[in-house]
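*Asks:* Sharing final.cif here; it has mmCIF, C-alpha atoms.
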data_start
loop_
_atom_site.label_atom_id
_atom_site.label_comp_id
_atom_site.auth_asym_id
_atom_site.auth_seq_id
_atom_site.Cartn_x
_atom_site.Cartn_y
_atom_site.Cartn_z
CA MET J 694 -0.77 47.23 205.31
CA THR J 695 -0.44 49.55 202.35
CA LEU J 696 -2.88 51.59 200.29
CA ASN J 697 -1.91 51.38 196.64
CA LYS J 698 -3.56 52.22 193.36
CA ARG J 699 -2.62 50.62 190.05
CA VAL J 700 -4.06 51.09 186.56
CA TYR J 701 -3.58 48.60 183.73
CA GLU J 702 -4.63 48.76 180.09
CA MET J 703 -6.31 45.52 179.19
CA GLY J 704 -7.43 44.25 175.77
CA TYR J 705 -10.98 43.52 176.90
CA THR J 706 -14.45 44.87 176.28
CA PRO J 707 -16.49 45.54 179.44
CA LEU J 708 -18.60 42.45 178.70
CA GLU J 709 -15.52 40.21 178.33
CA PHE J 710 -14.07 41.62 181.55
CA ARG J 711 -17.28 40.99 183.54
CA LYS J 712 -17.53 37.47 182.12
CA ALA J 713 -13.96 36.62 183.18
CA LEU J 714 -14.25 38.32 186.60
CA LEU J 715 -17.61 36.86 187.56
CA GLY J 716 -16.96 33.53 185.85
CA GLN J 717 -13.69 31.63 186.17
CA PHE J 718 -11.99 34.11 188.54
CA ASP J 719 -14.93 34.18 190.96
CA SER J 720 -15.63 30.46 190.92
CA ASN J 721 -12.02 29.21 191.01
CA THR J 722 -10.46 31.47 193.65
CA ASN J 723 -11.06 32.19 197.34
CA PHE J 724 -12.14 35.74 196.58
CA SER J 725 -15.68 37.04 197.09
CA ILE J 726 -16.80 39.57 194.48
CA LYS J 727 -19.57 42.14 194.91
CA GLU J 728 -20.77 44.69 192.38
CA ILE J 729 -20.54 48.20 193.87
CA GLY J 730 -21.40 50.11 190.69
CA THR J 731 -22.09 49.60 187.01
CA ASP J 732 -18.41 49.13 186.23
CA SER J 733 -16.88 48.56 189.67
CA TRP J 734 -16.54 45.69 192.11
CA SER J 735 -15.14 44.92 195.52
CA ILE J 736 -13.00 41.84 195.93
CA GLU J 737 -12.49 40.37 199.38
CA ASP J 738 -10.83 37.43 201.03
CA ILE J 739 -12.02 37.61 204.62
CA ASP J 740 -9.65 34.84 205.77
CA GLU J 741 -6.66 36.87 204.54
CA SER J 742 -8.09 40.33 205.47
CA ILE J 743 -7.86 41.49 201.84
CA TYR J 744 -10.05 44.25 200.38
CA ILE J 745 -9.64 45.55 196.83
CA GLU J 746 -11.80 47.79 194.65
CA VAL J 747 -11.69 47.31 190.87
CA SER J 748 -13.19 49.67 188.32
CA ILE J 749 -13.11 49.79 184.54
CA VAL J 750 -13.31 52.61 181.98
CA VAL J 751 -13.39 52.06 178.23
CA GLY J 752 -10.36 53.59 176.56
CA THR J 753 -9.67 54.56 172.96
CA PRO J 754 -9.42 51.41 170.83
CA ARG J 755 -5.97 50.56 169.54
CA LYS J 756 -5.72 50.30 165.75
CA ILE J 757 -3.03 48.27 164.02
CA ALA J 758 -3.50 48.28 160.24
CA LEU J 759 -7.02 46.86 159.74
CA LEU J 760 -7.14 45.38 163.24
CA THR J 761 -8.94 47.24 166.05
CA LEU J 762 -8.33 46.10 169.63
CA PRO J 763 -10.43 47.16 172.64
CA VAL J 764 -8.74 49.03 175.47
CA LEU J 765 -10.10 48.83 178.99
CA ASN J 766 -8.44 50.95 181.68
CA THR J 767 -8.66 48.80 184.79
CA GLU J 768 -8.01 50.45 188.15
CA PHE J 769 -7.18 48.51 191.31
CA ILE J 770 -7.34 50.22 194.68
CA PHE J 771 -5.77 48.05 197.35
CA LYS J 772 -7.34 49.27 200.58
CA GLN J 773 -6.51 46.46 202.95
CA ILE J 774 -3.62 44.32 201.80
CA THR J 775 0.07 43.74 202.37
CA GLU J 776 2.62 44.10 199.58
CA ILE J 777 3.08 40.31 199.44
CA GLN J 778 -0.70 39.74 199.28
CA GLU J 779 -0.96 42.35 196.51
CA LYS J 780 1.67 40.58 194.41
CA GLU J 781 -0.03 37.21 194.93
CA PHE J 782 -3.43 38.68 194.08
CA MET J 783 -2.16 40.22 190.82
CA LYS J 784 -0.44 36.95 189.89
CA THR J 785 -3.75 35.12 190.39
CA PHE J 786 -5.77 37.84 188.65
CA PHE J 787 -3.60 37.83 185.53
CA LYS J 788 -3.64 34.03 185.45
CA TYR J 789 -7.40 34.19 184.85
CA PHE J 790 -7.25 37.24 182.56
CA HIS J 791 -4.37 36.13 180.36
CA LYS J 792 -5.33 35.91 176.71
CA GLY J 793 -3.29 33.31 174.92
CA GLY J 794 -1.40 33.89 171.78
CA GLY J 795 1.48 32.90 169.57
#
The structure given in the file should be rewritten as structure tokens.
*Replies:*
Amino acid sequence: MTLNKRVYEMGYTPLEFRKALLGQFDSNTNFSIKEIGTDSWSIEDIDESIYIEVSIVVGTPRKIALLTLPVLNTEFIFKQITEIQEKEFMKTFFKYFHKGGG
């Protein structure tokens, strides 16, 4: 088991993030999600002995010409997980948080 921390910049508002996390991700995966703070959650899979904490902080919006994109700094703390489980979790997570485009 390893204890890792990863931070990703995501193009989401807090509301969009919550909607994706507590919507499709929660209902279509084997993970159990619990709110542990205003902008933080625990994610568990008891069968696989996985425990992850996720928290979000709004970053400075990214401006490209007239376009303004939200920035959400998303921190993952992997407290109880193997390296293989971590990679599989992130693959699943990004599947549900991928925004399509071109």
*Asks:* Might you pull out every residue within 12 Å of range 720-730 of chain J, with all atoms listed in the file counted and same-chain residues fewer than 3 positions away left off, and present them as a VMD selection string?
*Replies:* chain J and resid 711 to 717 733 to 749 781 to 782 785 to 786 788 to 789
*Asks:* Within 6 Å of (-6.3, 48.9, 194.5) (file coordinates; all atoms listed in the file), which protein or nucleic acid residues are there? I'd like them as an MDAnalysis selection string.
*Replies:* chainID J and resid 697:698 745:746 769:771
*Asks:* Can those selected residues be exported to a file as an mmCIF file, keeping the file's coordinate frame so that it contains C-alpha atoms?
*Replies:*
data_model
loop_
_atom_site.group_PDB
_atom_site.id
_atom_site.type_symbol
_atom_site.label_atom_id
_atom_site.label_comp_id
_atom_site.auth_asym_id
_atom_site.auth_seq_id
_atom_site.Cartn_x
_atom_site.Cartn_y
_atom_site.Cartn_z
ATOM 1 C CA ASN J 697 -1.910 51.380 196.640
ATOM 2 C CA LYS J 698 -3.560 52.220 193.360
ATOM 3 C CA ILE J 745 -9.640 45.550 196.830
ATOM 4 C CA GLU J 746 -11.800 47.790 194.650
ATOM 5 C CA PHE J 769 -7.180 48.510 191.310
ATOM 6 C CA ILE J 770 -7.340 50.220 194.680
ATOM 7 C CA PHE J 771 -5.770 48.050 197.350
#
*Asks:* Counting all atoms listed in the file, which of J:Val764, J:Phe718, J:Gln778, J:Gln773 gets nearest to Tyr701 in chain J?
*Replies:* J:Val764
*Asks:* Separation of CA of Ile774 in chain J and CA of Gly752 in chain J, in Å?
*Replies:*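 CA of Gly752 in chain J lies at a distance of 27.7 Å from CA of Ile774 in chain J.
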*Asks:* Report as a list of chain:residue names the residues that result from applying the PyMOL selection byres ((chain J and resi 753) around 12) to the structure here.
*Replies:* J:Glu702, J:Met703, J:Gly704, J:Tyr705, J:Thr706, J:Val750, J:Val751, J:Gly752, J:Pro754, J:Arg755, J:Lys756, J:Thr761, J:Leu762, J:Pro763, J:Val764, J:Leu765, J:Asn766
*Asks:* For chain J in the structure I just supplied, write out C-alpha atoms - as an mmCIF file, in the first residue's frame.
*Replies:*
data_model
loop_
_atom_site.group_PDB
_atom_site.id
_atom_site.type_symbol
_atom_site.label_atom_id
_atom_site.label_comp_id
_atom_site.auth_asym_id
_atom_site.auth_seq_id
_atom_site.Cartn_x
_atom_site.Cartn_y
_atom_site.Cartn_z
ATOM 1 C CA MET J 694 0.000 0.000 0.000
ATOM 2 C CA THR J 695 1.202 3.492 -0.783
ATOM 3 C CA LEU J 696 0.256 6.959 0.407
ATOM 4 C CA ASN J 697 0.270 9.339 -2.534
ATOM 5 C CA LYS J 698 -1.010 12.814 -3.198
ATOM 6 C CA ARG J 699 -1.818 14.146 -6.658
ATOM 7 C CA VAL J 700 -3.205 17.505 -7.768
ATOM 8 C CA TYR J 701 -4.835 18.102 -11.141
ATOM 9 C CA GLU J 702 -6.142 21.288 -12.732
ATOM 10 C CA MET J 703 -9.590 20.621 -14.095
ATOM 11 C CA GLY J 704 -11.789 22.835 -16.278
ATOM 12 C CA TYR J 705 -14.787 22.612 -13.963
ATOM 13 C CA THR J 706 -16.721 24.892 -11.661
ATOM 14 C CA PRO J 707 -17.357 23.471 -8.172
ATOM 15 C CA LEU J 708 -21.012 22.899 -9.104
ATOM 16 C CA GLU J 709 -20.087 20.985 -12.279
ATOM 17 C CA PHE J 710 -17.579 18.896 -10.328
ATOM 18 C CA ARG J 711 -20.110 17.974 -7.612
ATOM 19 C CA LYS J 712 -22.711 17.117 -10.249
ATOM 20 C CA ALA J 713 -20.317 14.755 -12.062
ATOM 21 C CA LEU J 714 -18.929 13.198 -8.855
ATOM 22 C CA LEU J 715 -22.261 12.636 -7.137
ATOM 23 C CA GLY J 716 -24.094 11.840 -10.364
ATOM 24 C CA GLN J 717 -22.703 9.535 -13.038
ATOM 25 C CA PHE J 718 -19.480 8.638 -11.191
ATOM 26 C CA ASP J 719 -21.292 7.706 -7.973
ATOM 27 C CA SER J 720 -24.146 5.813 -9.608
ATOM 28 C CA ASN J 721 -22.125 3.948 -12.268
ATOM 29 C CA THR J 722 -19.099 2.764 -10.281
ATOM 30 C CA ASN J 723 -18.515 0.537 -7.250
ATOM 31 C CA PHE J 724 -17.272 3.474 -5.197
ATOM 32 C CA SER J 725 -19.100 4.884 -2.179
ATOM 33 C CA ILE J 726 -18.825 8.661 -1.818
ATOM 34 C CA LYS J 727 -19.301 10.630 1.408
ATOM 35 C CA GLU J 728 -19.057 14.378 1.877
ATOM 36 C CA ILE J 729 -16.472 15.188 4.568
ATOM 37 C CA GLY J 730 -16.466 18.960 4.100
ATOM 38 C CA THR J 731 -17.913 21.686 1.919
ATOM 39 C CA ASP J 732 -15.505 20.915 -0.908
ATOM 40 C CA SER J 733 -14.121 17.505 0.067
ATOM 41 C CA TRP J 734 -15.236 13.903 -0.147
ATOM 42 C CA SER J 735 -14.078 10.431 0.777
ATOM 43 C CA ILE J 736 -14.270 7.726 -1.838
ATOM 44 C CA GLU J 737 -14.216 4.091 -0.766
ATOM 45 C CA ASP J 738 -14.491 0.653 -2.256
ATOM 46 C CA ILE J 739 -14.706 -1.631 0.758
ATOM 47 C CA ASP J 740 -14.404 -4.797 -1.362
ATOM 48 C CA GLU J 741 -11.061 -3.590 -2.728
ATOM 49 C CA SER J 742 -9.871 -1.893 0.524
ATOM 50 C CA ILE J 743 -9.563 1.472 -1.249
ATOM 51 C CA TYR J 744 -9.783 4.822 0.566
ATOM 52 C CA ILE J 745 -9.248 8.159 -1.181
ATOM 53 C CA GLU J 746 -9.876 11.747 -0.117
ATOM 54 C CA VAL J 747 -10.700 14.325 -2.794
ATOM 55 C CA SER J 748 -10.816 18.071 -2.267
ATOM 56 C CA ILE J 749 -11.299 21.006 -4.610
ATOM 57 C CA VAL J 750 -10.126 24.632 -4.569
ATOM 58 C CA VAL J 751 -11.140 27.205 -7.165
ATOM 59 C CA GLY J 752 -8.144 28.458 -9.101
ATOM 60 C CA THR J 753 -7.595 31.556 -11.214
ATOM 61 C CA PRO J 754 -9.703 31.304 -14.376
ATOM 62 C CA ARG J 755 -7.782 30.771 -17.599
ATOM 63 C CA LYS J 756 -8.377 33.448 -20.248
ATOM 64 C CA ILE J 757 -7.844 32.805 -23.938
ATOM 65 C CA ALA J 758 -8.813 35.836 -26.033
ATOM 66 C CA LEU J 759 -12.483 36.452 -25.120
ATOM 67 C CA LEU J 760 -12.916 32.966 -23.656
ATOM 68 C CA THR J 761 -12.694 32.420 -19.883
ATOM 69 C CA LEU J 762 -12.341 28.856 -18.604
ATOM 70 C CA PRO J 763 -12.812 27.790 -14.972
ATOM 71 C CA VAL J 764 -9.895 26.197 -13.152
ATOM 72 C CA LEU J 765 -10.479 23.796 -10.290
ATOM 73 C CA ASN J 766 -7.461 22.462 -8.405
ATOM 74 C CA THR J 767 -8.446 18.924 -7.498
ATOM 75 C CA GLU J 768 -6.377 17.106 -4.879
ATOM 76 C CA PHE J 769 -6.425 13.340 -4.421
ATOM 77 C CA ILE J 770 -4.935 11.788 -1.307
ATOM 78 C CA PHE J 771 -4.632 8.035 -1.699
ATOM 79 C CA LYS J 772 -4.560 6.731 1.861
ATOM 80 C CA GLN J 773 -5.271 3.067 1.361
ATOM 81 C CA ILE J 774 -4.566 1.862 -2.143
ATOM 82 C CA THR J 775 -1.992 -0.008 -4.189
ATOM 83 C CA GLU J 776 -0.269 1.569 -7.178
ATOM 84 C CA ILE J 777 -2.272 -0.627 -9.568
ATOM 85 C CA GLN J 778 -5.558 0.295 -7.841
ATOM 86 C CA GLU J 779 -4.602 3.979 -8.010
ATOM 87 C CA LYS J 780 -4.021 3.791 -11.769
ATOM 88 C CA GLU J 781 -7.318 1.974 -12.294
ATOM 89 C CA PHE J 782 -9.166 4.472 -10.112
ATOM 90 C CA MET J 783 -7.770 7.464 -12.033
ATOM 91 C CA LYS J 784 -8.618 5.792 -15.344
ATOM 92 C CA THR J 785 -12.216 5.343 -14.150
ATOM 93 C CA PHE J 786 -12.369 8.831 -12.629
ATOM 94 C CA PHE J 787 -11.215 10.567 -15.809
ATOM 95 C CA LYS J 788 -13.614 8.467 -17.884
ATOM 96 C CA TYR J 789 -16.495 10.131 -16.043
ATOM 97 C CA PHE J 790 -14.880 13.582 -15.913
ATOM 98 C CA HIS J 791 -13.707 13.773 -19.521
ATOM 99 C CA LYS J 792 -15.174 16.721 -21.370
ATOM 100 C CA GLY J 793 -15.508 15.985 -25.045
ATOM 101 C CA GLY J 794 -14.212 18.155 -27.762
ATOM 102 C CA GLY J 795 -12.973 18.419 -31.306
#
